[in-house]
file model25.cif (mmCIF, C-alpha atoms)
data_final
#
loop_
_atom_site.label_atom_id
_atom_site.label_comp_id
_atom_site.auth_asym_id
_atom_site.auth_seq_id
_atom_site.Cartn_x
_atom_site.Cartn_y
_atom_site.Cartn_z
CA MET A 1 0.00 0.00 0.00
CA ILE A 2 2.85 2.43 0.79
CA LYS A 3 4.44 1.74 -2.59
CA THR A 4 1.15 2.47 -4.38
CA ARG A 5 0.72 5.65 -2.31
CA LEU A 6 4.24 6.85 -3.16
CA ILE A 7 3.84 6.14 -6.88
CA THR A 8 0.47 7.92 -6.93
CA PHE A 9 1.95 10.90 -5.12
CA LEU A 10 4.89 11.12 -7.57
CA ILE A 11 2.54 10.92 -10.56
CA PHE A 12 0.65 13.93 -9.23
CA VAL A 13 3.88 15.82 -8.54
CA GLY A 14 4.56 15.40 -12.24
CA LEU A 15 1.04 16.27 -13.37
CA PHE A 16 0.84 19.42 -11.24
CA SER A 17 4.30 20.50 -12.41
CA LEU A 18 3.32 19.92 -16.03
CA SER A 19 0.03 21.81 -15.69
CA LEU A 20 1.83 24.80 -14.13
CA GLN A 21 4.50 24.85 -16.83
CA LEU A 22 1.96 24.52 -19.66
CA GLY A 23 -0.16 27.31 -18.18
CA SER A 24 2.86 29.61 -18.17
CA LEU A 25 3.42 29.03 -21.88
CA TYR A 26 0.00 30.35 -22.91
CA PRO A 27 0.50 33.51 -24.97
CA ILE A 28 -0.85 36.73 -23.49
CA ASP A 29 -0.83 40.22 -24.89
CA GLU A 30 0.86 43.05 -23.02
CA LEU A 31 -2.35 44.83 -22.04
CA ASP A 32 -3.81 41.71 -20.43
CA ALA A 33 -0.48 40.96 -18.76
CA ARG A 34 -0.42 44.45 -17.24
CA GLU A 35 -3.96 43.99 -15.93
CA ILE A 36 -2.95 40.70 -14.32
CA LEU A 37 0.15 42.38 -12.88
CA PHE A 38 -1.89 45.18 -11.30
CA ASP A 39 -4.43 42.68 -9.91
CA PHE A 40 -1.54 40.65 -8.51
CA LEU A 41 0.03 43.72 -6.91
CA ASP A 42 -3.30 44.75 -5.36
CA THR A 43 -3.73 41.27 -3.94
CA VAL A 44 -0.25 40.87 -2.49
CA GLU A 45 -0.15 44.41 -1.16
CA GLU A 46 -2.87 43.63 1.35
CA ILE A 47 -2.08 40.00 2.13
CA ASP A 48 0.09 38.70 4.95
CA SER A 49 1.42 35.23 5.70
CA PHE A 50 -1.87 34.12 7.28
CA GLY A 51 -3.78 35.42 4.25
CA LEU A 52 -1.50 33.43 1.94
CA PHE A 53 -2.06 30.36 4.09
CA VAL A 54 -5.85 30.80 3.92
CA ASN A 55 -5.68 31.36 0.16
CA ASN A 56 -3.54 28.26 -0.43
CA ALA A 57 -5.61 26.15 1.98
CA SER A 58 -8.82 27.19 0.23
CA LEU A 59 -7.22 26.05 -3.03
CA SER A 60 -5.91 22.75 -1.66
CA LEU A 61 -8.75 21.44 0.49
CA PRO A 62 -11.13 20.97 -2.49
CA MET A 63 -8.35 18.93 -4.10
CA PHE A 64 -9.23 16.16 -1.63
CA ILE A 65 -12.71 15.72 -3.17
CA PRO A 66 -12.79 12.31 -4.85
CA GLY A 67 -12.28 12.74 -8.58
CA ALA A 68 -13.22 16.43 -8.76
CA GLY A 69 -10.12 17.33 -6.76
CA LEU A 70 -7.95 16.11 -9.63
CA ILE A 71 -9.57 18.51 -12.06
CA TRP A 72 -9.45 21.37 -9.55
CA GLY A 73 -5.78 20.72 -8.84
CA LEU A 74 -4.79 20.68 -12.50
CA TYR A 75 -6.86 23.83 -13.14
CA SER A 76 -5.14 25.52 -10.18
CA GLY A 77 -1.73 24.59 -11.55
CA THR A 78 -2.59 25.82 -15.03
CA SER A 79 -4.04 29.13 -13.82
CA THR A 80 -1.09 29.72 -11.50
CA GLY A 81 1.24 29.07 -14.42
CA PHE A 82 -0.76 31.48 -16.58
CA THR A 83 -0.45 34.21 -13.95
CA TYR A 84 3.28 33.55 -13.63
CA GLY A 85 3.64 33.72 -17.42
CA ALA A 86 1.88 37.08 -17.50
CA LEU A 87 4.13 38.45 -14.75
CA ALA A 88 7.24 37.03 -16.41
CA SER A 89 6.33 38.65 -19.73
CA LEU A 90 6.60 42.07 -18.04
CA THR A 91 9.48 41.37 -15.67
CA PRO A 92 12.91 41.04 -17.30
CA GLU A 93 14.29 39.19 -14.26
CA LEU A 94 11.64 36.48 -14.67
CA SER A 95 11.45 36.32 -18.47
CA ASN A 96 14.00 33.50 -18.74
CA VAL A 97 12.96 31.66 -15.57
CA PRO A 98 10.64 28.73 -16.27
CA ALA A 99 7.56 28.63 -14.05
CA ILE A 100 8.33 25.09 -12.99
CA SER A 101 11.62 26.24 -11.49
CA ILE A 102 9.67 28.29 -8.92
CA LEU A 103 8.20 25.02 -7.64
CA TYR A 104 11.54 23.32 -7.28
CA THR A 105 13.90 26.15 -6.32
CA THR A 106 11.87 27.96 -3.69
CA VAL A 107 11.02 26.40 -0.36
CA PHE A 108 7.45 27.71 -0.43
CA GLY A 109 6.95 26.47 -4.01
CA PHE A 110 8.22 23.02 -3.12
CA LEU A 111 6.01 22.88 -0.01
CA GLU A 112 2.98 23.88 -2.06
CA LEU A 113 3.84 21.29 -4.71
CA ILE A 114 4.03 18.58 -2.05
CA ALA A 115 0.78 19.74 -0.42
CA TYR A 116 -1.18 19.91 -3.68
CA SER A 117 0.20 16.58 -4.85
CA ILE A 118 -0.80 14.92 -1.57
CA ALA A 119 -4.32 16.30 -1.94
CA MET A 120 -4.75 15.37 -5.60
CA SER A 121 -3.32 11.90 -5.13
CA ARG A 122 -5.67 11.27 -2.18
CA SER A 123 -8.52 12.48 -4.39
CA TYR A 124 -7.53 9.85 -6.93
CA LEU A 125 -7.25 7.10 -4.30
CA LEU A 126 -10.66 7.98 -2.86
CA PHE A 127 -12.19 8.05 -6.34
CA TYR A 128 -10.57 4.72 -7.19
CA GLY A 129 -11.91 3.30 -3.94
CA LEU A 130 -15.41 4.48 -4.83
CA ILE A 131 -15.22 2.86 -8.25
CA LYS A 132 -13.92 -0.42 -6.77
CA ARG A 133 -16.57 -0.16 -4.02
CA SER A 134 -13.93 -0.73 -1.39
CA ASN A 135 -14.44 0.15 2.26
CA LEU A 136 -13.62 3.86 2.38
CA LYS A 137 -13.58 3.82 6.18
CA THR A 138 -10.05 2.44 5.96
CA GLN A 139 -9.02 5.64 4.18
CA LEU A 140 -10.42 8.03 6.80
CA ILE A 141 -7.38 7.98 9.10
CA PRO A 142 -4.87 8.47 6.23
CA LEU A 143 -7.16 11.21 4.86
CA GLY A 144 -7.17 13.04 8.20
CA ILE A 145 -3.41 12.70 8.57
CA GLU A 146 -2.83 13.98 5.04
CA ILE A 147 -5.15 16.95 5.53
CA GLY A 148 -3.15 17.81 8.66
CA ILE A 149 0.13 17.50 6.77
CA VAL A 150 -1.17 19.71 3.97
CA VAL A 151 -2.35 22.38 6.43
CA VAL A 152 1.04 22.45 8.18
CA LEU A 153 2.96 22.56 4.88
CA LEU A 154 0.80 25.41 3.60
CA PHE A 155 1.14 27.38 6.83
CA ILE A 156 4.93 27.16 6.65
CA GLY A 157 4.84 27.90 2.91
CA GLY A 158 2.59 30.94 3.41
CA THR A 159 4.98 32.39 5.94
CA LEU A 160 7.95 31.94 3.62
CA GLU A 161 6.06 33.14 0.54
CA SER A 162 4.96 36.30 2.35
CA SER A 163 8.59 37.22 3.00
CA MET A 164 9.53 36.58 -0.61
CA LEU A 165 6.57 38.57 -1.96
CA GLU A 166 7.61 41.62 0.05
CA GLU A 167 10.97 41.55 -1.71
CA VAL A 168 9.56 40.82 -5.18
CA GLN A 169 6.88 43.47 -4.84
CA GLN A 170 9.57 46.11 -4.51
CA ASP A 171 11.30 44.78 -7.65
CA ILE A 172 8.03 44.76 -9.62
CA LEU A 173 7.15 48.28 -8.54
CA SER A 174 10.46 49.46 -9.95
CA ILE A 175 9.55 48.33 -13.49
CA ASP A 176 9.56 51.33 -15.82
CA ASP A 177 6.52 52.34 -17.87
CA LEU A 178 3.85 50.77 -15.64
#

call {"tool": "encode", "arguments": {"input": "model25.cif", "output": "structure tokens"}}
result
Amino acid sequence: MIKTRLITFLIFVGLFSLSLQLGSLYPIDELDAREILFDFLDTVEEIDSFGLFVNNASLSLPMFIPGAGLIWGLYSGTSTGFTYGALASLTPELSNVPAISILYTTVFGFLELIAYSIAMSRSYLLFYGLIKRSNLKTQLIPLGIEIGIVVVLLFIGGTLESSMLEEVQQDILSIDDL
């Protein structure tokens, strides 16, 4: 069972990473990118580490829903990648940095990747259990443990991301011609 769980988790690490990277490659015109940038700046200007935690938790908890959580998780990855792509198109420092590298080179990105992959893979396992008509009661304890792990990971990630956003926000605000 642990081997199956690990393989499922790793598959969803790959799928979330792929969805984020593909979302970042979607072409966007400069006007739309600027609108996304301003919306992003408005959002991060008023958000603290607890707000980031709540935002990320509200994204991840639906990912535990059997079956539907898979779709939600992939949509979240794609839309996050799209937002990153828009920001990168206006930020010279980010223009050559692949979106996927943010997941693997930042602590908060890696923690979020782990959290979302745990949630999506549990969604798959619950959905598979429903299809096979297996006793889902046996999955309740692992589900509770994994929700707890995800919450802790996202709390730590939100704290770290908040610090990073304060620094990046200053860099973005220095972009000429905004």

call {"tool": "closest_residue", "arguments": {"input": "model25.cif", "among": "A:Glu30, A:Glu93, A:Glu46, A:Glu146", "to": "Glu166 in chain A", "atoms": "all atoms listed in the file"}}
result
A:Glu46

call {"tool": "residues_around", "arguments": {"input": "model25.cif", "residues": "Ile114 in chain A", "least_positions_apart": "2", "cutoff": "9 Å", "atoms": "only C-alpha atoms", "output": "PyMOL selection string"}}
result
chain A and resi 9+13+109-112+116-119+150+153

call {"tool": "write_last_selection", "arguments": {"input": "model25.cif", "atoms": "C-alpha atoms", "output": "short mmCIF file (atom, residue, chain, number, x, y, z; two decimals), in the coordinates of the input"}}
result
data_model
loop_
_atom_site.label_atom_id
_atom_site.label_comp_id
_atom_site.auth_asym_id
_atom_site.auth_seq_id
_atom_site.Cartn_x
_atom_site.Cartn_y
_atom_site.Cartn_z
CA PHE A 9 1.95 10.90 -5.12
CA VAL A 13 3.88 15.82 -8.54
CA GLY A 109 6.95 26.47 -4.01
CA PHE A 110 8.22 23.02 -3.12
CA LEU A 111 6.01 22.88 -0.01
CA GLU A 112 2.98 23.88 -2.06
CA TYR A 116 -1.18 19.91 -3.68
CA SER A 117 0.20 16.58 -4.85
CA ILE A 118 -0.80 14.92 -1.57
CA ALA A 119 -4.32 16.30 -1.94
CA VAL A 150 -1.17 19.71 3.97
CA LEU A 153 2.96 22.56 4.88
#

call {"tool": "atom_distance", "arguments": {"input": "model25.cif", "atom1": "CA of Thr91 in chain A", "atom2": "CA of Thr159 in chain A"}}
result
23.8 Å

call {"tool": "closest_residue", "arguments": {"input": "model25.cif", "among": "A:Ala57, A:Leu52, A:Leu74, A:Ile47", "to": "Ser121 in chain A", "atoms": "all atoms listed in the file"}}
result
A:Leu74

call {"tool": "residues_around", "arguments": {"input": "model25.cif", "residues": "Ala88 in chain A", "least_positions_apart": "4", "cutoff": "10 Å", "atoms": "only C-alpha atoms", "output": "compact mmCIF listing (two decimals) with C-alpha atoms, keeping the file's coordinate frame"}}
result
# COMPACT_ATOMS: atom_id res chain seq x y z
CA SER A 24 2.86 29.61 -18.17
CA ALA A 33 -0.48 40.96 -18.76
CA LEU A 37 0.15 42.38 -12.88
CA PHE A 82 -0.76 31.48 -16.58
CA THR A 83 -0.45 34.21 -13.95
CA TYR A 84 3.28 33.55 -13.63
CA PRO A 92 12.91 41.04 -17.30
CA GLU A 93 14.29 39.19 -14.26
CA LEU A 94 11.64 36.48 -14.67
CA SER A 95 11.45 36.32 -18.47
CA ASN A 96 14.00 33.50 -18.74
CA VAL A 97 12.96 31.66 -15.57
CA PRO A 98 10.64 28.73 -16.27
CA ALA A 99 7.56 28.63 -14.05

call {"tool": "residues_around", "arguments": {"input": "model25.cif", "residues": "Phe16 in chain A", "least_positions_apart": "6", "cutoff": "10 Å", "atoms": "only C-alpha atoms", "output": "compact mmCIF listing (two decimals) with C-alpha atoms, in the frame of the given file"}}
result
# COMPACT_ATOMS: atom_id res chain seq x y z
CA LEU A 10 4.89 11.12 -7.57
CA LEU A 22 1.96 24.52 -19.66
CA LEU A 70 -7.95 16.11 -9.63
CA GLY A 73 -5.78 20.72 -8.84
CA LEU A 74 -4.79 20.68 -12.50
CA TYR A 75 -6.86 23.83 -13.14
CA SER A 76 -5.14 25.52 -10.18
CA GLY A 77 -1.73 24.59 -11.55
CA THR A 78 -2.59 25.82 -15.03
CA ILE A 100 8.33 25.09 -12.99
CA LEU A 103 8.20 25.02 -7.64
CA LEU A 113 3.84 21.29 -4.71
CA ILE A 114 4.03 18.58 -2.05
CA TYR A 116 -1.18 19.91 -3.68
CA SER A 117 0.20 16.58 -4.85
CA MET A 120 -4.75 15.37 -5.60

call {"tool": "closest_residue", "arguments": {"input": "model25.cif", "among": "A:Phe64, A:Ser58, A:Phe38, A:Gly81", "to": "Pro142 in chain A", "atoms": "all atoms listed in the file"}}
result
A:Phe64

call {"tool": "residues_around", "arguments": {"input": "model25.cif", "residues": "Gly51 in chain A", "least_positions_apart": "2", "cutoff": "12 Å", "atoms": "only C-alpha atoms", "output": "number ranges by chain"}}
result
A: 43-49, 53-58, 154-155, 157-159, 161-162

call {"tool": "closest_residue", "arguments": {"input": "model25.cif", "among": "A:Ile141, A:Leu126, A:Ile131, A:Val152", "to": "Thr8 in chain A", "atoms": "all atoms listed in the file"}}
result
A:Leu126

call {"tool": "closest_residue", "arguments": {"input": "model25.cif", "among": "A:Leu6, A:Ala68, A:Met1, A:Leu87", "to": "Pro27 in chain A", "atoms": "all atoms listed in the file"}}
result
A:Leu87
